[in-house]
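Student: What follows is the file target_36.pdb, containing PDB, C-alpha atoms, pLDDT in the B column:
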ATOM      1  CA  MET O   1       0.000   0.000   0.000  1.00 42.00           C
ATOM      2  CA  ASN O   2       1.358   3.392  -0.871  1.00 48.00           C
ATOM      3  CA  ASP O   3      -1.635   5.694  -1.105  1.00 52.00           C
ATOM      4  CA  ILE O   4      -3.235   7.444   1.851  1.00 53.00           C
ATOM      5  CA  THR O   5      -5.214  10.049  -0.079  1.00 57.00           C
ATOM      6  CA  ASP O   6      -8.402   9.056   1.792  1.00 80.00           C
ATOM      7  CA  TYR O   7      -6.623  10.205   4.949  1.00 91.00           C
ATOM      8  CA  PRO O   8      -5.378  13.731   4.169  1.00 91.00           C
ATOM      9  CA  VAL O   9      -4.582  14.554   7.814  1.00 94.00           C
ATOM     10  CA  LEU O  10      -2.400  11.449   8.106  1.00 96.00           C
ATOM     11  CA  ALA O  11      -0.743  12.256   4.777  1.00 93.00           C
ATOM     12  CA  TYR O  12      -0.050  15.815   5.968  1.00 95.00           C
ATOM     13  CA  VAL O  13       1.475  14.641   9.280  1.00 96.00           C
ATOM     14  CA  VAL O  14       3.651  12.078   7.477  1.00 95.00           C
ATOM     15  CA  LYS O  15       4.866  14.783   5.077  1.00 94.00           C
ATOM     16  CA  LEU O  16       5.581  17.160   7.980  1.00 94.00           C
ATOM     17  CA  ILE O  17       7.698  14.544   9.763  1.00 95.00           C
ATOM     18  CA  LYS O  18       9.477  13.496   6.539  1.00 94.00           C
ATOM     19  CA  ASN O  19      10.338  17.129   5.761  1.00 93.00           C
ATOM     20  CA  THR O  20      12.025  17.429   9.163  1.00 92.00           C
ATOM     21  CA  ILE O  21      13.737  14.028   9.357  1.00 91.00           C
ATOM     22  CA  THR O  22      15.172  13.799   5.858  1.00 85.00           C
ATOM     23  CA  ASP O  23      16.343  10.165   5.643  1.00 89.00           C
ATOM     24  CA  ILE O  24      13.216   8.632   7.184  1.00 93.00           C
ATOM     25  CA  LYS O  25      11.645   5.723   5.270  1.00 95.00           C
ATOM     26  CA  THR O  26       7.880   5.365   4.853  1.00 94.00           C
ATOM     27  CA  GLU O  27       5.956   2.091   4.815  1.00 94.00           C
ATOM     28  CA  TYR O  28       2.160   2.021   4.538  1.00 91.00           C
ATOM     29  CA  ILE O  29       0.913  -0.971   6.520  1.00 92.00           C
ATOM     30  CA  ALA O  30      -2.840  -0.296   6.096  1.00 91.00           C
ATOM     31  CA  PRO O  31      -4.948   2.462   4.503  1.00 88.00           C
ATOM     32  CA  ALA O  32      -4.839   4.524   7.717  1.00 94.00           C
ATOM     33  CA  SER O  33      -1.547   3.266   9.188  1.00 96.00           C
ATOM     34  CA  VAL O  34       2.050   4.192   8.438  1.00 97.00           C
ATOM     35  CA  GLU O  35       5.454   3.211   9.794  1.00 97.00           C
ATOM     36  CA  LEU O  36       8.268   5.713   9.593  1.00 97.00           C
ATOM     37  CA  LYS O  37      11.733   4.198   9.989  1.00 95.00           C
ATOM     38  CA  ASP O  38      14.707   6.279  11.056  1.00 90.00           C
ATOM     39  CA  GLY O  39      17.637   3.881  11.107  1.00 89.00           C
ATOM     40  CA  ASN O  40      16.688   1.186  13.637  1.00 92.00           C
ATOM     41  CA  ASP O  41      13.944   3.309  15.220  1.00 94.00           C
ATOM     42  CA  THR O  42      10.320   3.216  14.119  1.00 96.00           C
ATOM     43  CA  ILE O  43       7.472   5.689  14.580  1.00 97.00           C
ATOM     44  CA  TYR O  44       3.955   4.286  14.084  1.00 97.00           C
ATOM     45  CA  LEU O  45       1.114   6.565  12.934  1.00 98.00           C
ATOM     46  CA  GLN O  46      -2.563   5.742  12.584  1.00 97.00           C
ATOM     47  CA  GLN O  47      -5.575   7.910  11.804  1.00 96.00           C
ATOM     48  CA  ARG O  48      -8.760   6.878  13.603  1.00 94.00           C
ATOM     49  CA  SER O  49     -11.491   8.332  15.785  1.00 91.00           C
ATOM     50  CA  ASP O  50     -10.609   9.392  19.309  1.00 87.00           C
ATOM     51  CA  GLU O  51     -12.744   8.971  22.449  1.00 86.00           C
ATOM     52  CA  ASN O  52     -14.854  11.977  21.376  1.00 84.00           C
ATOM     53  CA  GLY O  53     -15.537  10.557  17.916  1.00 87.00           C
ATOM     54  CA  ASN O  54     -13.166  12.927  16.084  1.00 86.00           C
ATOM     55  CA  PRO O  55     -12.198  10.938  12.935  1.00 89.00           C
ATOM     56  CA  SER O  56      -9.208  13.223  12.239  1.00 91.00           C
ATOM     57  CA  THR O  57      -7.159  12.054  15.190  1.00 95.00           C
ATOM     58  CA  ILE O  58      -3.624  10.871  14.542  1.00 97.00           C
ATOM     59  CA  PHE O  59      -2.279   8.407  17.095  1.00 97.00           C
ATOM     60  CA  ILE O  60       1.504   8.218  17.133  1.00 98.00           C
ATOM     61  CA  ASN O  61       3.616   5.648  18.926  1.00 97.00           C
ATOM     62  CA  ASP O  62       7.150   7.030  19.172  1.00 97.00           C
ATOM     63  CA  PRO O  63       9.046   4.822  21.647  1.00 95.00           C
ATOM     64  CA  LYS O  64      12.350   6.704  21.249  1.00 94.00           C
ATOM     65  CA  ASP O  65      10.778  10.215  21.443  1.00 92.00           C
ATOM     66  CA  ILE O  66      12.196  11.119  18.040  1.00 94.00           C
ATOM     67  CA  ILE O  67       9.402  13.650  17.464  1.00 94.00           C
ATOM     68  CA  PHE O  68      10.303  15.450  20.683  1.00 91.00           C
ATOM     69  CA  SER O  69      14.044  15.382  19.977  1.00 90.00           C
ATOM     70  CA  GLU O  70      13.419  16.812  16.478  1.00 92.00           C
ATOM     71  CA  ASP O  71      11.316  19.623  18.030  1.00 92.00           C
ATOM     72  CA  LEU O  72       8.208  18.719  16.028  1.00 95.00           C
ATOM     73  CA  LEU O  73       5.686  19.241  18.853  1.00 95.00           C
ATOM     74  CA  PRO O  74       4.960  22.930  18.071  1.00 93.00           C
ATOM     75  CA  SER O  75       4.359  22.109  14.389  1.00 93.00           C
ATOM     76  CA  LEU O  76       2.075  19.209  15.299  1.00 95.00           C
ATOM     77  CA  LYS O  77       0.127  21.416  17.721  1.00 92.00           C
ATOM     78  CA  ASN O  78      -0.604  24.019  15.019  1.00 90.00           C
ATOM     79  CA  LEU O  79      -1.078  21.791  11.974  1.00 92.00           C
ATOM     80  CA  GLN O  80      -3.267  24.247  10.065  1.00 88.00           C
ATOM     81  CA  THR O  81      -0.720  27.092  10.191  1.00 88.00           C
ATOM     82  CA  GLY O  82       0.202  28.100   6.647  1.00 86.00           C
ATOM     83  CA  THR O  83      -2.400  25.909   4.932  1.00 90.00           C
ATOM     84  CA  GLU O  84      -5.417  26.933   2.893  1.00 89.00           C
ATOM     85  CA  GLY O  85      -8.620  25.431   1.542  1.00 88.00           C
ATOM     86  CA  LYS O  86     -10.135  22.079   2.441  1.00 87.00           C
ATOM     87  CA  ILE O  87      -6.971  20.711   4.087  1.00 90.00           C
ATOM     88  CA  ALA O  88      -6.798  23.755   6.381  1.00 90.00           C
ATOM     89  CA  GLN O  89     -10.280  22.961   7.706  1.00 88.00           C
ATOM     90  CA  GLU O  90      -9.448  19.274   8.138  1.00 88.00           C
ATOM     91  CA  LEU O  91      -6.238  20.171   9.987  1.00 93.00           C
ATOM     92  CA  LEU O  92      -8.065  22.674  12.189  1.00 89.00           C
ATOM     93  CA  ASN O  93     -10.251  19.845  13.497  1.00 87.00           C
ATOM     94  CA  ALA O  94      -7.363  17.361  13.729  1.00 93.00           C
ATOM     95  CA  ARG O  95      -5.885  16.126  16.965  1.00 94.00           C
ATOM     96  CA  VAL O  96      -2.488  14.489  17.428  1.00 96.00           C
ATOM     97  CA  ILE O  97      -1.870  12.089  20.313  1.00 96.00           C
ATOM     98  CA  ILE O  98       1.727  10.949  20.845  1.00 97.00           C
ATOM     99  CA  ASN O  99       2.484   8.108  23.257  1.00 96.00           C
ATOM    100  CA  GLU O 100      -0.990   8.474  24.803  1.00 96.00           C
ATOM    101  CA  LEU O 101      -0.786  12.272  25.362  1.00 96.00           C
ATOM    102  CA  ASP O 102      -2.099  14.953  23.054  1.00 94.00           C
ATOM    103  CA  VAL O 103       0.514  17.365  21.734  1.00 96.00           C
ATOM    104  CA  GLU O 104      -0.564  20.323  23.875  1.00 95.00           C
ATOM    105  CA  THR O 105      -0.418  18.215  27.050  1.00 97.00           C
ATOM    106  CA  HIS O 106       3.131  17.146  26.071  1.00 95.00           C
ATOM    107  CA  LEU O 107       4.131  20.790  25.684  1.00 96.00           C
ATOM    108  CA  ILE O 108       2.478  21.736  28.975  1.00 97.00           C
ATOM    109  CA  PHE O 109       4.182  18.896  30.848  1.00 97.00           C
ATOM    110  CA  HIS O 110       7.606  19.896  29.504  1.00 95.00           C
ATOM    111  CA  ALA O 111       6.907  23.487  30.577  1.00 97.00           C
ATOM    112  CA  VAL O 112       5.895  22.229  34.044  1.00 98.00           C
ATOM    113  CA  LYS O 113       9.174  20.306  34.387  1.00 97.00           C
ATOM    114  CA  ASP O 114      11.141  23.367  33.224  1.00 97.00           C
ATOM    115  CA  HIS O 115       9.374  25.622  35.745  1.00 98.00           C
ATOM    116  CA  PHE O 116      10.084  23.225  38.614  1.00 98.00           C
ATOM    117  CA  ASP O 117      13.756  23.189  37.542  1.00 97.00           C
ATOM    118  CA  GLU O 118      13.786  26.999  37.569  1.00 97.00           C
ATOM    119  CA  ILE O 119      12.305  27.126  41.063  1.00 97.00           C
ATOM    120  CA  SER O 120      14.839  24.688  42.527  1.00 97.00           C
ATOM    121  CA  ASN O 121      17.409  22.223  41.297  1.00 96.00           C
ATOM    122  CA  SER O 122      16.182  19.921  44.111  1.00 97.00           C
ATOM    123  CA  TYR O 123      13.249  18.834  41.911  1.00 98.00           C
ATOM    124  CA  GLU O 124      13.844  15.722  39.846  1.00 97.00           C
ATOM    125  CA  PHE O 125      11.459  14.012  37.436  1.00 97.00           C
ATOM    126  CA  SER O 126      11.520  10.218  37.860  1.00 95.00           C
ATOM    127  CA  LYS O 127       8.997   8.686  35.482  1.00 95.00           C
ATOM    128  CA  ALA O 128       5.483   8.929  34.094  1.00 95.00           C
ATOM    129  CA  ILE O 129       3.163   6.460  35.805  1.00 96.00           C
ATOM    130  CA  GLU O 130      -0.197   7.191  34.153  1.00 96.00           C
ATOM    131  CA  LYS O 131      -1.145   8.865  30.887  1.00 96.00           C
ATOM    132  CA  GLN O 132      -4.472   9.853  29.401  1.00 95.00           C
ATOM    133  CA  ALA O 133      -4.839  12.153  26.410  1.00 94.00           C
ATOM    134  CA  ASP O 134      -5.091  15.306  28.551  1.00 96.00           C
ATOM    135  CA  LYS O 135      -3.591  14.148  31.864  1.00 97.00           C
ATOM    136  CA  ILE O 136      -0.259  12.821  33.061  1.00 98.00           C
ATOM    137  CA  LYS O 137       0.649  11.572  36.505  1.00 98.00           C
ATOM    138  CA  SER O 138       4.341  11.192  37.257  1.00 98.00           C
ATOM    139  CA  LYS O 139       6.764  10.539  40.058  1.00 98.00           C
ATOM    140  CA  PHE O 140       8.960  13.426  41.172  1.00 98.00           C
ATOM    141  CA  LYS O 141      11.480  13.904  43.933  1.00 97.00           C
ATOM    142  CA  PHE O 142      12.275  16.940  46.009  1.00 97.00           C
ATOM    143  CA  GLY O 143      15.690  16.022  47.346  1.00 96.00           C
ATOM    144  CA  SER O 144      15.133  12.535  48.765  1.00 95.00           C
ATOM    145  CA  HIS O 145      11.364  13.048  49.197  1.00 97.00           C
ATOM    146  CA  ALA O 146       9.271  11.276  46.550  1.00 97.00           C
ATOM    147  CA  PHE O 147       5.815  12.521  45.565  1.00 98.00           C
ATOM    148  CA  GLU O 148       3.382  12.280  42.653  1.00 98.00           C
ATOM    149  CA  LEU O 149       2.630  15.198  40.380  1.00 98.00           C
ATOM    150  CA  THR O 150      -0.514  15.305  38.241  1.00 98.00           C
ATOM    151  CA  VAL O 151      -0.861  17.725  35.339  1.00 98.00           C
ATOM    152  CA  THR O 152      -4.322  17.970  33.786  1.00 98.00           C
ATOM    153  CA  ASN O 153      -4.996  19.961  30.625  1.00 97.00           C
ATOM    154  CA  HIS O 154      -8.628  21.099  30.909  1.00 94.00           C
ATOM    155  CA  THR O 155     -10.119  23.367  28.236  1.00 90.00           C
ATOM    156  CA  GLN O 156     -10.215  26.421  30.510  1.00 93.00           C
ATOM    157  CA  LEU O 157      -7.698  25.509  33.210  1.00 96.00           C
ATOM    158  CA  ILE O 158      -4.421  23.666  33.553  1.00 98.00           C
ATOM    159  CA  SER O 159      -4.083  22.057  36.965  1.00 98.00           C
ATOM    160  CA  VAL O 160      -0.813  21.045  38.588  1.00 98.00           C
ATOM    161  CA  THR O 161      -1.335  19.075  41.805  1.00 98.00           C
ATOM    162  CA  ALA O 162       0.968  17.126  44.082  1.00 98.00           C
ATOM    163  CA  GLY O 163       0.051  13.932  45.933  1.00 98.00           C
ATOM    164  CA  PHE O 164       1.915  12.738  48.992  1.00 98.00           C
ATOM    165  CA  PRO O 165       2.160   9.556  51.060  1.00 96.00           C
ATOM    166  CA  PRO O 166       0.616   9.839  54.569  1.00 95.00           C
ATOM    167  CA  SER O 167       3.960  10.082  56.383  1.00 94.00           C
ATOM    168  CA  PHE O 168       5.302  12.923  54.211  1.00 96.00           C
ATOM    169  CA  ASP O 169       7.098  15.770  56.039  1.00 96.00           C
ATOM    170  CA  GLY O 170       4.603  18.642  56.553  1.00 96.00           C
ATOM    171  CA  SER O 171       6.965  21.562  55.891  1.00 97.00           C
ATOM    172  CA  ILE O 172       8.328  20.024  52.685  1.00 97.00           C
ATOM    173  CA  LYS O 173       4.772  19.203  51.608  1.00 98.00           C
ATOM    174  CA  LYS O 174       3.812  22.871  52.035  1.00 98.00           C
ATOM    175  CA  THR O 175       6.855  23.982  49.992  1.00 98.00           C
ATOM    176  CA  ILE O 176       5.989  21.598  47.147  1.00 98.00           C
ATOM    177  CA  GLU O 177       2.314  22.641  47.180  1.00 98.00           C
ATOM    178  CA  ASN O 178       3.311  26.318  47.007  1.00 98.00           C
ATOM    179  CA  ASP O 179       5.721  25.602  44.155  1.00 98.00           C
ATOM    180  CA  ALA O 180       3.022  23.586  42.319  1.00 98.00           C
ATOM    181  CA  ALA O 181       0.657  26.567  42.615  1.00 98.00           C
ATOM    182  CA  LYS O 182       3.366  28.878  41.170  1.00 98.00           C
ATOM    183  CA  VAL O 183       4.003  26.475  38.297  1.00 98.00           C
ATOM    184  CA  GLN O 184       0.275  26.134  37.609  1.00 98.00           C
ATOM    185  CA  LEU O 185      -0.078  29.912  37.386  1.00 98.00           C
ATOM    186  CA  ALA O 186       2.965  30.182  35.082  1.00 98.00           C
ATOM    187  CA  VAL O 187       1.809  27.506  32.617  1.00 98.00           C
ATOM    188  CA  GLN O 188      -1.727  28.861  32.715  1.00 97.00           C
ATOM    189  CA  LYS O 189      -0.387  32.234  31.524  1.00 96.00           C
ATOM    190  CA  ILE O 190       1.614  30.584  28.736  1.00 95.00           C
ATOM    191  CA  PHE O 191      -1.029  28.193  27.380  1.00 94.00           C
ATOM    192  CA  ARG O 192      -4.339  29.937  28.185  1.00 89.00           C
TER     193      ARG O 192
END
Let's see the structure in the file written out as structure tokens.

Tutor:
Amino acid sequence: MNDITDYPVLAYVVKLIKNTITDIKTEYIAPASVELKDGNDTIYLQQRSDENGNPSTIFINDPKDIIFSEDLLPSLKNLQTGTEGKIAQELLNARVIINELDVETHLIFHAVKDHFDEISNSYEFSKAIEKQADKIKSKFKFGSHAFELTVTNHTQLISVTAGFPPSFDGSIKKTIENDAAKVQLAVQKIFR
């Protein structure tokens, strides 16, 4: 299979990635599914309906985070920029979900991590433990104190909340909660 004209959003996203990563190889594995191979690494793309029934949703599985390392997230967030006509309308309604998170939530989470780093070099991201399209829960450390941080990308509000085990030190908990509130305000100003 080498024709995805029935899936113009998928075709556009494939072209966008190929224009950035020049030596990437394309293999169409089904009418709405594509594999992009960059050396030994593979990115899988599929166009299908999301949980809201949007048929122009592109699901991307990028195990090596090539899209992030190539700085493609801003382009994937604003697909319709610079396009005209029918494709512009299709791209306006499109949604891109990479490794279970939509593109905007990826960008917000990276901004959250950056803001915590700016507040104190004692903050350390450990790993993501739960992902939904607009929500990510992850493990963080403040020094030797582990806690969970949840970032939720609501339409009107971005929330950044910390969860603690019962025996967590009260003064450190207060510091982290205050910092989370500062970070929430900062990312809210950037993205809303």

Student: Taking the file as shown, find all residues satisfying the PyMOL selection byres ((chain O and resi 144-155) around 8) and write them as a PyMOL selection string.

Tutor: chain O and resi 105+108-109+134-143+156-165+168

Student: Wanna dump the range 36-148 of chain O-range 176-191 of chain O contacts at 9 Å for me, each residue with its shortest atom pair and the distance in Å to one decimal, counting only C-alpha atoms, ordered by chain and number, as CSV?

Tutor:
residue,atom,partner,partner_atom,distance
O:Glu104,CA,O:Phe191,CA,8.6
O:Ile108,CA,O:Val187,CA,6.9
O:Ala111,CA,O:Val187,CA,6.8
O:Val112,CA,O:Val183,CA,6.3
O:Lys113,CA,O:Val183,CA,8.9
O:His115,CA,O:Val183,CA,6.0
O:Phe116,CA,O:Val183,CA,6.9
O:Ile119,CA,O:Asp179,CA,7.4
O:Phe142,CA,O:Ile176,CA,7.9

Student: Between O:Asn93, O:Ser167, O:Asn19, O:Thr42, which residue has the minimum interatomic distance to Pro55 in chain O, considering only C-alpha atoms?

Tutor: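 For Pro55 in chain O, the nearest of the candidates is O:Asn93.
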
Student: Could you spell out the hits of the PyMOL selection byres ((chain O and resi 21-32) around 12) on the shown file, as an NGL selection string?

Tutor: :O and (1-11 or 14-20 or 33-49 or 55-60 or 66-72)

Student: State, in Å with one decimal place, the distance from CA of Leu76 in chain O to CA of Val13 in chain O.

Tutor: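 CA of Leu76 in chain O sits 7.6 Å away from CA of Val13 in chain O.
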
Student: Specify the axis-aligned box that encloses all atoms of range 60-70 of chain O listed in the file after padding of 5 Å on each side, stating its centre and edge lengths in Å to one decimal as JSON.

Tutor:
{"center_x": 7.8, "center_y": 10.8, "center_z": 19.1, "size_x": 22.5, "size_y": 22.0, "size_z": 15.2}

Student: Which residues would end up in the selection if the PyMOL selection byres ((chain O and resi 77) around 10) were applied here, given that I need the answer as a list in words?

Tutor: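 Listing what the PyMOL selection byres ((chain O and resi 77) around 10) selects in the shown file: Leu72, Leu73, Pro74, Ser75, Leu76, Asn78, Leu79, Gln80, Thr81, Leu92, Ala94, Arg95, Val96, Ile97, Asp102, Val103, Glu104, Thr105, His106 and Leu107 of chain O.
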
Student: Rounded to one decimal, what separation in Å do you get between CA of Glu51 in chain O and CA of Ile129 in chain O?

Tutor: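 Interatomic distance, CA of Glu51 in chain O to CA of Ile129 in chain O: 20.9 Å.
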
Student: Please, what distance in Å, to one decimal, runs between CA of Asp50 in chain O and CA of Gln89 in chain O?

Tutor: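 Going from CA of Asp50 in chain O over to CA of Gln89 in chain O, I get 17.9 Å.
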
Student: Using all atoms listed in the file, which of O:Gln132, O:Thr83, O:Ser126, O:Asn121 sits nearest Leu101 in chain O?

Tutor: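 Among O:Gln132, O:Thr83, O:Ser126, O:Asn121, it is O:Gln132 that comes nearest to Leu101 in chain O.
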
Student: Of the residues O:Pro166, O:Leu91, O:Asp65, O:Asn54, which is the one nearest to Tyr12 in chain O, using only C-alpha atoms?

Tutor: O:Leu91

Student: Write range 9-23 of chain O as an mmCIF file, in the frame of the given file, completed to N, CA, C and O atoms.

Tutor:
data_model
loop_
_atom_site.group_PDB
_atom_site.id
_atom_site.type_symbol
_atom_site.label_atom_id
_atom_site.label_comp_id
_atom_site.auth_asym_id
_atom_site.auth_seq_id
_atom_site.Cartn_x
_atom_site.Cartn_y
_atom_site.Cartn_z
ATOM 1 N N VAL O 9 -5.260 14.099 6.592
ATOM 2 C CA VAL O 9 -4.582 14.554 7.814
ATOM 3 C C VAL O 9 -3.366 13.675 8.071
ATOM 4 O O VAL O 9 -2.277 14.170 8.354
ATOM 5 N N LEU O 10 -3.521 12.365 7.941
ATOM 6 C CA LEU O 10 -2.400 11.449 8.106
ATOM 7 C C LEU O 10 -1.315 11.747 7.078
ATOM 8 O O LEU O 10 -0.130 11.824 7.417
ATOM 9 N N ALA O 11 -1.712 11.949 5.829
ATOM 10 C CA ALA O 11 -0.743 12.256 4.777
ATOM 11 C C ALA O 11 0.022 13.542 5.107
ATOM 12 O O ALA O 11 1.242 13.622 4.914
ATOM 13 N N TYR O 12 -0.687 14.546 5.623
ATOM 14 C CA TYR O 12 -0.050 15.815 5.968
ATOM 15 C C TYR O 12 0.953 15.632 7.108
ATOM 16 O O TYR O 12 2.067 16.162 7.058
ATOM 17 N N VAL O 13 0.577 14.868 8.141
ATOM 18 C CA VAL O 13 1.475 14.641 9.280
ATOM 19 C C VAL O 13 2.707 13.854 8.837
ATOM 20 O O VAL O 13 3.835 14.171 9.228
ATOM 21 N N VAL O 14 2.520 12.850 7.996
ATOM 22 C CA VAL O 14 3.651 12.078 7.477
ATOM 23 C C VAL O 14 4.596 12.998 6.711
ATOM 24 O O VAL O 14 5.820 12.967 6.913
ATOM 25 N N LYS O 15 4.039 13.845 5.866
ATOM 26 C CA LYS O 15 4.866 14.783 5.077
ATOM 27 C C LYS O 15 5.622 15.745 6.001
ATOM 28 O O LYS O 15 6.806 16.024 5.786
ATOM 29 N N LEU O 16 4.952 16.241 7.027
ATOM 30 C CA LEU O 16 5.581 17.160 7.980
ATOM 31 C C LEU O 16 6.786 16.496 8.661
ATOM 32 O O LEU O 16 7.862 17.087 8.758
ATOM 33 N N ILE O 17 6.608 15.265 9.101
ATOM 34 C CA ILE O 17 7.698 14.544 9.763
ATOM 35 C C ILE O 17 8.818 14.258 8.765
ATOM 36 O O ILE O 17 10.000 14.456 9.070
ATOM 37 N N LYS O 18 8.464 13.809 7.557
ATOM 38 C CA LYS O 18 9.477 13.496 6.539
ATOM 39 C C LYS O 18 10.267 14.730 6.125
ATOM 40 O O LYS O 18 11.452 14.631 5.805
ATOM 41 N N ASN O 19 9.627 15.900 6.123
ATOM 42 C CA ASN O 19 10.338 17.129 5.761
ATOM 43 C C ASN O 19 11.331 17.556 6.839
ATOM 44 O O ASN O 19 12.264 18.293 6.566
ATOM 45 N N THR O 20 11.120 17.098 8.064
ATOM 46 C CA THR O 20 12.025 17.429 9.163
ATOM 47 C C THR O 20 13.132 16.392 9.314
ATOM 48 O O THR O 20 14.292 16.727 9.527
ATOM 49 N N ILE O 21 12.768 15.129 9.221
ATOM 50 C CA ILE O 21 13.737 14.028 9.357
ATOM 51 C C ILE O 21 13.982 13.495 7.949
ATOM 52 O O ILE O 21 13.259 12.631 7.459
ATOM 53 N N THR O 22 15.000 13.985 7.299
ATOM 54 C CA THR O 22 15.172 13.799 5.858
ATOM 55 C C THR O 22 15.351 12.350 5.403
ATOM 56 O O THR O 22 14.846 11.985 4.354
ATOM 57 N N ASP O 23 16.060 11.522 6.119
ATOM 58 C CA ASP O 23 16.343 10.165 5.643
ATOM 59 C C ASP O 23 15.338 9.128 6.132
ATOM 60 O O ASP O 23 15.589 7.925 6.043
#
